[in-house]
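Peer 1: Pasting a structure below so you can have a look.
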Amino acid sequence: MSQIRPVVAGVGTTSYGRLPEMDAYDLGMAALTEALEDCGLGFDALDAVVINRIPDYQRFCEIAGIDPQYVTITPGHGRFAAICIEHAVTLLRSGRYNTVALVYGNNGRSAGDAYGGADDSYGSGGGGLWFPYGMTSPGAFHALMMRRHMELYGTTPEQLAQVPITFRDHASLNPQAVMRDRIDLETYLSARMICEPLRLFDYCLINDGGVALVLTTEERGRDLARPPVHVRGAALQTAFKGSMFPPDDFWAAPLASVAERSLGEAGLSREDMSALMIYDNFAPTVLFSLEGLGYCGRGESGPYVAEGHLALGGRHPTNTSGGHLSESYMQGWALNVEAVRQLRGECGARQVEGAANVHYAAAAPVCSSIIYSTEAS
Amino acid sequence: MTGIEGQDLLPRPRISPDNAPFWEGCREGRLMLPTCTGCGRAHLPPGPVCPFCLSSALDWREAKGTGTISTWTVVHKVWFPIFADRVPYNVIQVQLDEGPRLTARLVESDAPPKVGQRVSVLFEQLDAELAMPAFRPLAG
């Protein structure tokens, strides 16, 4: 393994919400500008750029006025946040590139993205065979998973409700969050059903926004404006076979694989984690992630979240920004920025005191796990 | 999926040379699965080789038509205009006794679906060209 240690040097985010005057290029550019100001680097310092969800890499770099040595572009699927970060880590560890920008711009709210119906291509689009029966949307896919979990393990709607209720509590402390009004169990249960057993508050919030991260080596990061945050471990695992259907194991096998490899690389354990950032496109993915990553036993995530372990002050405060369910659906990107900001101690009222290690993970047909730390291993 | 000209039309699956025998079977009232003549296992989606033993000796064989509900949902949101007067409607996922899974609808049942419920196939003629498998509770 290379001795080069990758760090996050700068982060940038736009406001989130309905921003019709900005397109995905504008949103990504605003975020990247902030990320570079954050670490005190200029656009000319970037020798590699990875673009996500913004339509065209050439146009983006032309507007930025940069000619990086390396560029690539990736699809606007949430699982790609971690894939892009893993890519940046690999570029830096190769020794061939010194400073990598990851840029994400999403104008989905103004563009009217809905993720279901005739344009639905969730995953591979293979599920389109079932449109004649009205089976469409990633929400319905996760509803199928949640129903199975409920019938196999006895998980209840009241337990599931603790995920959106807790994240909304966190969002109430985050000025950047789109939804900050607290909700209680009655509000959760009386909200409309979308796809049973999922209700309104189990769904993420489609919004406009941009996020950027600037990564460099520990050696360079040391001299920059902000304290470097180490990407101490990272791992990916795909689960594509049979993926037009929900996985029977709730992605437990690929999640266990990425957890073991990333924690092993970091030389840390679950008990070392100060906070968790769990990809919450839908509330159930938080339950599946907690089980697959080993924070609770298989089938035990319902009682586990009901015990309050995800709340600020709990065992593992989770999605302290409010996550996709309450801050904004920035497809994993903003959760990675929240990890960095927690480790820098910048989170104000929602700060986890003494945060030293934060675990980001996503449960999806590409499972991912990233361990961020204030210290190198 | 392709083939949606008007908003009021049923969204249609893309029928390709790979999967055509499945849809032809539905029109004839038979549930056909690509099956490996080497290891004997059936699979979906259709592909060039058996995903279990990688043999290319494949044959389309009629399935028994029975299986078990592995999960289900009831959709309340109108995703396709033609479903506006059909919501809420159920969608079930069936694990066929031969192994592969199908997405379909539970019909002829007064109770909600249940994980583990045994079901048997029937075919619904959705329009002049398209028939699709649906399932009813298995008697007994």
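Chains: A, B, ... in order of the structure tokens. Residues: from 1 per chain. Ligands: from 1, in order shown.
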Can you pull out every residue from stretch 39-133 of chain A that DSSP, working from the backbone, puts in helix (DSSP H, G or I), and format the result as a PyMOL selection string?
Peer 2: chain A and resi 39+43-45+57-64+80-93+108-111+126-133
Peer 1: Kindly determine which residues of chain A lie within 6 Å of chain B, considering only C-alpha atoms, and give the answer as an mmCIF file with N, CA, C and O atoms, in the first residue's frame.
Peer 2:
```
data_model
loop_
_atom_site.group_PDB
_atom_site.id
_atom_site.type_symbol
_atom_site.label_atom_id
_atom_site.label_comp_id
_atom_site.auth_asym_id
_atom_site.auth_seq_id
_atom_site.Cartn_x
_atom_site.Cartn_y
_atom_site.Cartn_z
ATOM 1 N N GLY A 117 -42.359 6.481 -12.625
ATOM 2 C CA GLY A 117 -43.139 6.647 -13.841
ATOM 3 C C GLY A 117 -42.321 6.296 -15.075
ATOM 4 O O GLY A 117 -41.312 5.594 -14.981
ATOM 5 N N GLY A 128 -38.159 -2.022 -15.470
ATOM 6 C CA GLY A 128 -39.162 -1.507 -16.396
ATOM 7 C C GLY A 128 -40.085 -2.573 -16.943
ATOM 8 O O GLY A 128 -41.169 -2.264 -17.427
ATOM 9 N N LEU A 129 -39.664 -3.824 -16.843
ATOM 10 C CA LEU A 129 -40.529 -4.925 -17.282
ATOM 11 C C LEU A 129 -41.840 -4.942 -16.503
ATOM 12 O O LEU A 129 -42.838 -5.459 -16.987
ATOM 13 N N PHE A 131 -43.567 -2.303 -15.273
ATOM 14 C CA PHE A 131 -44.402 -1.099 -15.365
ATOM 15 C C PHE A 131 -45.876 -1.405 -15.611
ATOM 16 O O PHE A 131 -46.735 -0.705 -15.062
ATOM 17 N N PRO A 132 -46.207 -2.416 -16.434
ATOM 18 C CA PRO A 132 -47.646 -2.637 -16.679
ATOM 19 C C PRO A 132 -48.425 -2.938 -15.402
ATOM 20 O O PRO A 132 -49.639 -2.781 -15.384
ATOM 21 N N LEU A 144 -40.897 -2.481 -0.780
ATOM 22 C CA LEU A 144 -40.888 -3.955 -0.821
ATOM 23 C C LEU A 144 -39.899 -4.506 0.208
ATOM 24 O O LEU A 144 -40.185 -5.480 0.914
ATOM 25 N N ARG A 148 -40.859 -6.693 3.782
ATOM 26 C CA ARG A 148 -40.253 -7.999 4.073
ATOM 27 C C ARG A 148 -39.571 -7.980 5.447
ATOM 28 O O ARG A 148 -39.697 -8.922 6.233
ATOM 29 N N ILE A 194 -47.323 6.640 0.627
ATOM 30 C CA ILE A 194 -46.870 6.737 -0.763
ATOM 31 C C ILE A 194 -46.865 5.329 -1.353
ATOM 32 O O ILE A 194 -47.604 5.041 -2.283
ATOM 33 N N CYS A 195 -46.027 4.467 -0.812
ATOM 34 C CA CYS A 195 -46.045 3.042 -1.141
ATOM 35 C C CYS A 195 -45.945 2.306 0.186
ATOM 36 O O CYS A 195 -44.928 2.396 0.865
ATOM 37 N N GLU A 196 -47.010 1.592 0.567
ATOM 38 C CA GLU A 196 -47.027 0.935 1.873
ATOM 39 C C GLU A 196 -45.831 0.009 2.029
ATOM 40 O O GLU A 196 -45.526 -0.704 1.075
#
```
Peer 1: Could you name the residues that touch stretch 278-294 of chain A at 9 Å or less, counting only C-alpha atoms, but leaving out those on the same chain fewer than 2 positions away, as a tab-separated table (two decimals) with all heavy atoms, in the first residue's frame?
Peer 2:
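Below is the file that was written, result.tsv:
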```tsv
chain	number	residue	atom	x	y	z
A	78	GLY	N	-26.88	8.35	-6.47
A	78	GLY	CA	-26.35	8.65	-5.15
A	78	GLY	C	-25.18	7.77	-4.74
A	78	GLY	O	-24.29	8.20	-4.01
A	79	ARG	N	-25.19	6.55	-5.22
A	79	ARG	CA	-24.09	5.65	-4.87
A	79	ARG	C	-22.75	6.18	-5.38
A	79	ARG	O	-21.70	5.77	-4.93
A	79	ARG	CB	-24.37	4.26	-5.46
A	79	ARG	CG	-24.56	4.28	-6.95
A	79	ARG	CD	-25.24	3.04	-7.48
A	79	ARG	NE	-26.66	3.01	-7.19
A	79	ARG	CZ	-27.53	2.24	-7.85
A	79	ARG	NH1	-27.13	1.45	-8.82
A	79	ARG	NH2	-28.82	2.27	-7.54
A	138	PRO	N	-37.81	3.99	-7.09
A	138	PRO	CA	-36.99	3.45	-6.01
A	138	PRO	C	-37.73	3.41	-4.68
A	138	PRO	O	-37.45	2.57	-3.83
A	138	PRO	CB	-35.77	4.37	-5.96
A	138	PRO	CG	-36.09	5.54	-6.83
A	138	PRO	CD	-37.17	5.13	-7.77
A	139	GLY	N	-38.70	4.30	-4.49
A	139	GLY	CA	-39.48	4.27	-3.26
A	139	GLY	C	-40.26	2.96	-3.12
A	139	GLY	O	-40.30	2.34	-2.05
A	142	HIS	N	-37.89	0.17	-2.21
A	142	HIS	CA	-37.55	0.14	-0.79
A	142	HIS	C	-38.77	-0.22	0.08
A	142	HIS	O	-38.61	-0.79	1.16
A	142	HIS	CB	-36.92	1.47	-0.36
A	142	HIS	CG	-35.54	1.65	-0.92
A	142	HIS	ND1	-35.30	2.05	-2.21
A	142	HIS	CD2	-34.32	1.42	-0.37
A	142	HIS	CE1	-34.00	2.07	-2.42
A	142	HIS	NE2	-33.38	1.71	-1.34
A	143	ALA	N	-39.95	0.09	-0.40
A	143	ALA	CA	-41.17	-0.34	0.31
A	143	ALA	C	-41.26	-1.86	0.34
A	143	ALA	O	-41.62	-2.45	1.36
A	143	ALA	CB	-42.41	0.26	-0.36
A	145	MET	N	-38.73	-3.86	0.30
A	145	MET	CA	-37.73	-4.31	1.27
A	145	MET	C	-38.24	-4.14	2.70
A	145	MET	O	-38.07	-5.01	3.54
A	145	MET	CB	-36.42	-3.54	1.08
A	145	MET	CG	-35.73	-3.85	-0.22
A	145	MET	SD	-34.17	-2.93	-0.42
A	145	MET	CE	-33.09	-3.84	0.69
A	146	MET	N	-38.84	-2.99	2.97
A	146	MET	CA	-39.28	-2.71	4.34
A	146	MET	C	-40.39	-3.66	4.76
A	146	MET	O	-40.43	-4.12	5.91
A	146	MET	CB	-39.73	-1.25	4.44
A	146	MET	CG	-39.93	-0.80	5.89
A	146	MET	SD	-38.38	-0.82	6.83
A	146	MET	CE	-38.86	-1.66	8.32
A	160	LEU	N	-39.69	2.37	12.76
A	160	LEU	CA	-39.17	3.04	11.56
A	160	LEU	C	-39.28	4.55	11.69
A	160	LEU	O	-38.39	5.30	11.28
A	160	LEU	CB	-39.94	2.56	10.32
A	160	LEU	CG	-39.55	3.19	8.99
A	160	LEU	CD1	-38.10	2.87	8.62
A	160	LEU	CD2	-40.50	2.73	7.88
A	161	ALA	N	-40.37	5.00	12.30
A	161	ALA	CA	-40.63	6.44	12.45
A	161	ALA	C	-39.52	7.16	13.19
A	161	ALA	O	-39.30	8.36	12.99
A	161	ALA	CB	-41.95	6.65	13.20
A	163	VAL	N	-36.47	7.04	12.77
A	163	VAL	CA	-35.42	7.53	11.85
A	163	VAL	C	-35.75	8.94	11.36
A	163	VAL	O	-35.00	9.89	11.62
A	163	VAL	CB	-35.19	6.53	10.69
A	163	VAL	CG1	-34.23	7.11	9.67
A	163	VAL	CG2	-34.66	5.20	11.24
A	164	PRO	N	-36.88	9.15	10.68
A	164	PRO	CA	-37.19	10.52	10.25
A	164	PRO	C	-37.41	11.50	11.39
A	164	PRO	O	-37.05	12.68	11.27
A	164	PRO	CB	-38.47	10.36	9.41
A	164	PRO	CG	-38.97	9.00	9.64
A	164	PRO	CD	-37.83	8.16	10.11
A	198	LEU	N	-44.36	2.65	3.41
A	198	LEU	CA	-43.64	3.93	3.49
A	198	LEU	C	-44.59	5.11	3.37
A	198	LEU	O	-45.42	5.18	2.47
A	198	LEU	CB	-42.57	4.01	2.41
A	198	LEU	CG	-41.50	2.91	2.44
A	198	LEU	CD1	-40.37	3.24	1.48
A	198	LEU	CD2	-40.97	2.69	3.85
A	201	PHE	N	-42.92	10.95	5.26
A	201	PHE	CA	-41.67	11.34	5.92
A	201	PHE	C	-40.56	10.30	5.79
A	201	PHE	O	-39.44	10.53	6.26
A	201	PHE	CB	-41.93	11.68	7.40
A	201	PHE	CG	-42.76	12.92	7.58
A	201	PHE	CD1	-44.09	12.84	7.97
A	201	PHE	CD2	-42.21	14.17	7.33
A	201	PHE	CE1	-44.86	13.99	8.12
A	201	PHE	CE2	-42.98	15.32	7.48
A	201	PHE	CZ	-44.31	15.24	7.87
A	202	ASP	N	-40.87	9.15	5.18
A	202	ASP	CA	-39.83	8.16	4.90
A	202	ASP	C	-39.07	8.48	3.62
A	202	ASP	O	-38.12	7.78	3.29
A	202	ASP	CB	-40.46	6.76	4.76
A	202	ASP	CG	-41.05	6.26	6.07
A	202	ASP	OD1	-40.37	6.42	7.10
A	202	ASP	OD2	-42.18	5.73	6.05
A	203	TYR	N	-39.52	9.50	2.90
A	203	TYR	CA	-38.93	9.84	1.61
A	203	TYR	C	-38.00	11.04	1.75
A	203	TYR	O	-38.27	11.97	2.53
A	203	TYR	CB	-40.03	10.18	0.60
A	203	TYR	CG	-40.69	8.97	-0.01
A	203	TYR	CD1	-41.47	8.09	0.75
A	203	TYR	CD2	-40.55	8.69	-1.37
A	203	TYR	CE1	-42.07	6.98	0.18
A	203	TYR	CE2	-41.15	7.57	-1.95
A	203	TYR	CZ	-41.92	6.73	-1.17
A	203	TYR	OH	-42.52	5.62	-1.74
A	204	CYS	N	-36.91	11.02	0.95
A	204	CYS	CA	-35.96	12.13	0.97
A	204	CYS	C	-36.56	13.35	0.26
A	204	CYS	O	-37.63	13.27	-0.36
A	204	CYS	CB	-34.67	11.72	0.29
A	204	CYS	SG	-34.84	11.33	-1.45
A	205	LEU	N	-35.86	14.47	0.37
A	205	LEU	CA	-36.35	15.75	-0.16
A	205	LEU	C	-35.57	16.13	-1.41
A	205	LEU	O	-34.39	16.50	-1.32
A	205	LEU	CB	-36.17	16.84	0.89
A	205	LEU	CG	-36.71	16.57	2.29
A	205	LEU	CD1	-36.26	17.69	3.24
A	205	LEU	CD2	-38.21	16.43	2.28
A	249	ASP	N	-31.22	-10.21	1.39
A	249	ASP	CA	-30.45	-10.01	2.63
A	249	ASP	C	-30.35	-8.54	3.02
A	249	ASP	O	-29.55	-8.18	3.88
A	249	ASP	CB	-29.05	-10.63	2.51
A	249	ASP	CG	-28.13	-9.81	1.60
A	249	ASP	OD1	-28.62	-8.96	0.82
A	249	ASP	OD2	-26.91	-10.02	1.69
A	250	PHE	N	-31.14	-7.68	2.35
A	250	PHE	CA	-31.11	-6.24	2.67
A	250	PHE	C	-29.69	-5.67	2.52
A	250	PHE	O	-29.29	-4.78	3.26
A	250	PHE	CB	-31.67	-5.96	4.08
A	250	PHE	CG	-33.00	-6.61	4.33
A	250	PHE	CD1	-33.09	-7.84	4.98
A	250	PHE	CD2	-34.17	-6.02	3.90
A	250	PHE	CE1	-34.32	-8.45	5.19
A	250	PHE	CE2	-35.40	-6.61	4.10
A	250	PHE	CZ	-35.48	-7.82	4.75
A	251	TRP	N	-28.94	-6.22	1.57
A	251	TRP	CA	-27.54	-5.83	1.29
A	251	TRP	C	-26.61	-6.12	2.47
A	251	TRP	O	-25.54	-5.50	2.60
A	251	TRP	CB	-27.44	-4.36	0.87
A	251	TRP	CG	-28.03	-4.06	-0.46
A	251	TRP	CD1	-27.71	-4.62	-1.67
A	251	TRP	CD2	-29.06	-3.10	-0.76
A	251	TRP	NE1	-28.47	-4.08	-2.69
A	251	TRP	CE2	-29.30	-3.14	-2.15
A	251	TRP	CE3	-29.78	-2.20	0.02
A	251	TRP	CZ2	-30.24	-2.32	-2.78
A	251	TRP	CZ3	-30.72	-1.38	-0.61
A	251	TRP	CH2	-30.95	-1.45	-1.99
A	252	ALA	N	-26.96	-7.07	3.33
A	252	ALA	CA	-26.11	-7.34	4.50
A	252	ALA	C	-24.71	-7.81	4.10
A	252	ALA	O	-23.71	-7.39	4.70
A	252	ALA	CB	-26.77	-8.39	5.40
A	253	ALA	N	-24.62	-8.67	3.09
A	253	ALA	CA	-23.30	-9.22	2.73
A	253	ALA	C	-22.37	-8.14	2.18
A	253	ALA	O	-21.24	-7.98	2.67
A	253	ALA	CB	-23.46	-10.38	1.76
A	254	PRO	N	-22.80	-7.34	1.19
A	254	PRO	CA	-21.88	-6.30	0.70
A	254	PRO	C	-21.60	-5.22	1.75
A	254	PRO	O	-20.50	-4.67	1.79
A	254	PRO	CB	-22.60	-5.72	-0.53
A	254	PRO	CG	-24.03	-6.14	-0.41
A	254	PRO	CD	-24.00	-7.45	0.33
A	255	LEU	N	-22.58	-4.93	2.63
A	255	LEU	CA	-22.33	-3.94	3.69
A	255	LEU	C	-21.30	-4.46	4.69
A	255	LEU	O	-20.42	-3.72	5.14
A	255	LEU	CB	-23.64	-3.59	4.41
A	255	LEU	CG	-24.60	-2.68	3.64
A	255	LEU	CD1	-25.97	-2.67	4.31
A	255	LEU	CD2	-24.05	-1.26	3.53
A	256	ALA	N	-21.41	-5.74	5.04
A	256	ALA	CA	-20.43	-6.31	5.97
A	256	ALA	C	-19.04	-6.25	5.36
A	256	ALA	O	-18.05	-5.94	6.03
A	256	ALA	CB	-20.81	-7.75	6.31
A	257	SER	N	-18.97	-6.52	4.06
A	257	SER	CA	-17.67	-6.49	3.37
A	257	SER	C	-17.05	-5.10	3.41
A	257	SER	O	-15.87	-4.95	3.75
A	257	SER	CB	-17.86	-6.96	1.92
A	257	SER	OG	-16.70	-6.72	1.17
A	258	VAL	N	-17.82	-4.07	3.08
A	258	VAL	CA	-17.23	-2.71	3.06
A	258	VAL	C	-16.91	-2.22	4.46
A	258	VAL	O	-15.92	-1.51	4.67
A	258	VAL	CB	-18.11	-1.69	2.29
A	258	VAL	CG1	-18.20	-2.07	0.83
A	258	VAL	CG2	-19.49	-1.52	2.92
A	259	ALA	N	-17.72	-2.62	5.44
A	259	ALA	CA	-17.44	-2.21	6.82
A	259	ALA	C	-16.12	-2.81	7.29
A	259	ALA	O	-15.26	-2.11	7.84
A	259	ALA	CB	-18.58	-2.63	7.75
A	260	GLU	N	-15.95	-4.11	7.08
A	260	GLU	CA	-14.74	-4.78	7.55
A	260	GLU	C	-13.50	-4.20	6.87
A	260	GLU	O	-12.49	-3.93	7.51
A	260	GLU	CB	-14.82	-6.30	7.29
A	260	GLU	CG	-15.85	-7.01	8.14
A	260	GLU	CD	-15.76	-6.68	9.63
A	260	GLU	OE1	-14.63	-6.62	10.17
A	260	GLU	OE2	-16.82	-6.44	10.24
A	270	ARG	N	-16.01	0.00	15.46
A	270	ARG	CA	-17.30	0.70	15.51
A	270	ARG	C	-17.39	1.57	16.77
A	270	ARG	O	-17.96	2.65	16.75
A	270	ARG	CB	-18.44	-0.31	15.46
A	270	ARG	CG	-18.56	-1.00	14.10
A	270	ARG	CD	-19.44	-2.25	14.16
A	270	ARG	NE	-19.38	-2.97	12.90
A	270	ARG	CZ	-18.40	-3.81	12.57
A	270	ARG	NH1	-17.41	-4.05	13.40
A	270	ARG	NH2	-18.41	-4.42	11.39
A	276	LEU	N	-22.31	8.76	12.82
A	276	LEU	CA	-22.53	8.02	11.57
A	276	LEU	C	-23.24	8.93	10.58
A	276	LEU	O	-24.11	9.72	10.96
A	276	LEU	CB	-23.39	6.78	11.80
A	276	LEU	CG	-23.00	5.83	12.94
A	276	LEU	CD1	-23.98	4.65	13.00
A	276	LEU	CD2	-21.57	5.33	12.75
A	296	CYS	N	-25.78	-3.11	14.87
A	296	CYS	CA	-26.72	-3.91	15.65
A	296	CYS	C	-26.85	-5.24	14.95
A	296	CYS	O	-26.33	-5.43	13.85
A	296	CYS	CB	-28.08	-3.20	15.78
A	296	CYS	SG	-28.95	-3.00	14.23
A	297	GLY	N	-27.53	-6.19	15.59
A	297	GLY	CA	-27.65	-7.52	15.01
A	297	GLY	C	-28.64	-7.56	13.84
A	297	GLY	O	-29.45	-6.66	13.67
A	298	ARG	N	-28.58	-8.65	13.08
A	298	ARG	CA	-29.51	-8.83	11.96
A	298	ARG	C	-30.95	-8.88	12.47
A	298	ARG	O	-31.24	-9.61	13.40
A	298	ARG	CB	-29.20	-10.14	11.21
A	298	ARG	CG	-27.87	-10.10	10.45
A	298	ARG	CD	-27.97	-9.32	9.17
A	298	ARG	NE	-28.93	-9.84	8.21
A	298	ARG	CZ	-28.65	-10.83	7.36
A	298	ARG	NH1	-27.47	-11.40	7.35
A	298	ARG	NH2	-29.54	-11.25	6.49
A	299	GLY	N	-31.80	-8.05	11.87
A	299	GLY	CA	-33.21	-8.02	12.26
A	299	GLY	C	-33.49	-7.19	13.50
A	299	GLY	O	-34.64	-7.07	13.91
A	300	GLU	N	-32.45	-6.61	14.10
A	300	GLU	CA	-32.64	-5.90	15.37
A	300	GLU	C	-32.65	-4.38	15.23
A	300	GLU	O	-32.66	-3.65	16.23
A	300	GLU	CB	-31.51	-6.30	16.35
A	300	GLU	CG	-31.56	-7.77	16.74
A	300	GLU	CD	-30.34	-8.22	17.55
A	300	GLU	OE1	-29.49	-7.37	17.88
A	300	GLU	OE2	-30.24	-9.43	17.82
A	301	SER	N	-32.63	-3.89	14.01
A	301	SER	CA	-32.51	-2.43	13.83
A	301	SER	C	-33.74	-1.67	14.32
A	301	SER	O	-33.63	-0.52	14.75
A	301	SER	CB	-32.22	-2.10	12.37
A	301	SER	OG	-33.22	-2.65	11.54
A	302	GLY	N	-34.91	-2.30	14.26
A	302	GLY	CA	-36.13	-1.61	14.72
A	302	GLY	C	-36.03	-1.24	16.20
A	302	GLY	O	-36.09	-0.06	16.57
A	304	TYR	N	-33.43	-1.25	17.97
A	304	TYR	CA	-32.20	-0.47	18.18
A	304	TYR	C	-32.45	1.03	17.99
A	304	TYR	O	-32.09	1.85	18.84
A	304	TYR	CB	-31.11	-0.95	17.22
A	304	TYR	CG	-29.77	-0.28	17.41
A	304	TYR	CD1	-28.89	-0.73	18.38
A	304	TYR	CD2	-29.39	0.81	16.61
A	304	TYR	CE1	-27.66	-0.12	18.57
A	304	TYR	CE2	-28.16	1.42	16.79
A	304	TYR	CZ	-27.30	0.95	17.77
A	304	TYR	OH	-26.09	1.57	17.96
A	305	VAL	N	-33.10	1.41	16.89
A	305	VAL	CA	-33.33	2.84	16.68
A	305	VAL	C	-34.36	3.39	17.68
A	305	VAL	O	-34.29	4.54	18.08
A	305	VAL	CB	-33.76	3.17	15.22
A	305	VAL	CG1	-32.68	2.75	14.24
A	305	VAL	CG2	-35.10	2.54	14.85
A	318	THR	N	-26.48	10.10	14.39
A	318	THR	CA	-26.50	9.75	12.97
A	318	THR	C	-27.17	10.86	12.16
A	318	THR	O	-28.21	11.37	12.56
A	318	THR	CB	-27.24	8.41	12.79
A	318	THR	OG1	-26.54	7.40	13.53
A	318	THR	CG2	-27.30	8.00	11.32
A	319	ASN	N	-26.57	11.18	11.05
A	319	ASN	CA	-27.08	12.21	10.14
A	319	ASN	C	-27.41	13.49	10.92
A	319	ASN	O	-28.55	13.96	10.96
A	319	ASN	CB	-28.29	11.68	9.35
A	319	ASN	CG	-27.86	10.58	8.38
A	319	ASN	OD1	-26.75	10.07	8.46
A	319	ASN	ND2	-28.72	10.25	7.44
A	323	GLY	N	-29.72	14.90	7.26
A	323	GLY	CA	-29.63	13.91	6.18
A	323	GLY	C	-30.52	14.23	4.99
A	323	GLY	O	-31.01	15.34	4.83
A	324	HIS	N	-30.71	13.22	4.17
A	324	HIS	CA	-31.55	13.39	2.98
A	324	HIS	C	-33.02	13.60	3.33
A	324	HIS	O	-33.77	14.19	2.59
A	324	HIS	CB	-31.42	12.19	2.07
A	324	HIS	CG	-30.03	11.97	1.56
A	324	HIS	ND1	-29.43	10.75	1.52
A	324	HIS	CD2	-29.13	12.84	1.07
A	324	HIS	CE1	-28.21	10.87	1.02
A	324	HIS	NE2	-28.00	12.12	0.76
A	325	LEU	N	-33.41	13.05	4.49
A	325	LEU	CA	-34.82	13.13	4.87
A	325	LEU	C	-35.22	14.53	5.32
A	325	LEU	O	-36.39	14.89	5.24
A	325	LEU	CB	-35.12	12.13	6.00
A	325	LEU	CG	-34.91	10.65	5.67
A	325	LEU	CD1	-35.26	9.79	6.88
A	325	LEU	CD2	-35.76	10.22	4.48
A	329	TYR	N	-31.80	16.17	-0.18
A	329	TYR	CA	-31.28	15.00	-0.91
A	329	TYR	C	-30.14	15.45	-1.82
A	329	TYR	O	-30.36	15.79	-2.97
A	329	TYR	CB	-32.40	14.36	-1.71
A	329	TYR	CG	-32.02	13.14	-2.52
A	329	TYR	CD1	-31.33	12.08	-1.93
A	329	TYR	CD2	-32.36	13.03	-3.85
A	329	TYR	CE1	-31.00	10.95	-2.66
A	329	TYR	CE2	-32.03	11.90	-4.59
A	329	TYR	CZ	-31.35	10.86	-3.99
A	329	TYR	OH	-31.03	9.74	-4.72
A	331	GLN	N	-27.68	13.40	-2.39
A	331	GLN	CA	-27.17	12.13	-2.90
A	331	GLN	C	-25.84	11.71	-2.26
A	331	GLN	O	-24.92	11.28	-2.94
A	331	GLN	CB	-27.07	12.21	-4.42
A	331	GLN	CG	-28.45	12.47	-5.04
A	331	GLN	CD	-28.43	12.34	-6.54
A	331	GLN	OE1	-28.00	13.26	-7.22
A	331	GLN	NE2	-28.85	11.21	-7.06
A	332	GLY	N	-25.77	11.83	-0.96
A	332	GLY	CA	-24.59	11.36	-0.23
A	332	GLY	C	-23.53	12.43	-0.06
A	332	GLY	O	-22.76	12.43	0.90
A	335	LEU	N	-23.71	14.58	3.13
A	335	LEU	CA	-23.41	13.79	4.32
A	335	LEU	C	-21.90	13.65	4.50
A	335	LEU	O	-21.39	13.64	5.62
A	335	LEU	CB	-24.06	12.41	4.22
A	335	LEU	CG	-25.57	12.37	4.47
A	335	LEU	CD1	-26.13	10.99	4.13
A	335	LEU	CD2	-25.89	12.72	5.92
A	359	HIS	N	-18.18	7.78	10.40
A	359	HIS	CA	-18.38	6.69	9.44
A	359	HIS	C	-19.49	7.06	8.47
A	359	HIS	O	-20.63	7.25	8.88
A	359	HIS	CB	-18.75	5.42	10.21
A	359	HIS	CG	-18.75	4.17	9.41
A	359	HIS	ND1	-18.91	2.93	9.97
A	359	HIS	CD2	-18.58	3.95	8.07
A	359	HIS	CE1	-18.85	2.00	9.02
A	359	HIS	NE2	-18.68	2.60	7.87
A	360	TYR	N	-19.16	7.17	7.18
A	360	TYR	CA	-20.17	7.36	6.13
A	360	TYR	C	-20.42	6.01	5.46
A	360	TYR	O	-19.46	5.26	5.19
A	360	TYR	CB	-19.68	8.35	5.06
A	360	TYR	CG	-20.57	8.36	3.82
A	360	TYR	CD1	-21.75	9.09	3.79
A	360	TYR	CD2	-20.24	7.60	2.70
A	360	TYR	CE1	-22.58	9.07	2.67
A	360	TYR	CE2	-21.06	7.58	1.57
A	360	TYR	CZ	-22.24	8.31	1.57
A	360	TYR	OH	-23.06	8.29	0.47
A	361	ALA	N	-21.67	5.71	5.16
A	361	ALA	CA	-21.96	4.46	4.44
A	361	ALA	C	-23.24	4.61	3.64
A	361	ALA	O	-24.12	5.41	3.97
A	361	ALA	CB	-22.10	3.30	5.42
A	362	ALA	N	-23.31	3.82	2.57
A	362	ALA	CA	-24.51	3.79	1.74
A	362	ALA	C	-24.87	2.35	1.41
A	362	ALA	O	-24.00	1.56	1.02
A	362	ALA	CB	-24.29	4.58	0.45
A	363	ALA	N	-26.16	2.02	1.58
A	363	ALA	CA	-26.69	0.71	1.19
A	363	ALA	C	-27.40	0.86	-0.14
A	363	ALA	O	-28.37	1.61	-0.25
A	363	ALA	CB	-27.66	0.20	2.25
A	364	ALA	N	-26.91	0.17	-1.16
A	364	ALA	CA	-27.42	0.31	-2.52
A	364	ALA	C	-26.80	-0.80	-3.35
A	364	ALA	O	-25.96	-1.54	-2.85
A	364	ALA	CB	-27.03	1.68	-3.09
A	369	SER	N	-18.44	2.44	2.14
A	369	SER	CA	-18.12	2.77	3.52
A	369	SER	C	-16.85	3.61	3.51
A	369	SER	O	-15.87	3.25	2.87
A	369	SER	CB	-17.92	1.47	4.31
A	369	SER	OG	-17.42	1.75	5.61
```
Peer 1: A:Glu151, A:Trp333, A:Phe43, A:Gly209: which is nearest A:Asp26, counting only C-alpha atoms?
Peer 2: A:Gly209
Peer 1: Could you work out how far atom CA of A:His77 lies from atom CA of A:Arg109, giving the answer in Å with one decimal?
Peer 2: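 So the two atoms, atom CA of A:Arg109 and atom CA of A:His77, lie 15.2 Å apart.
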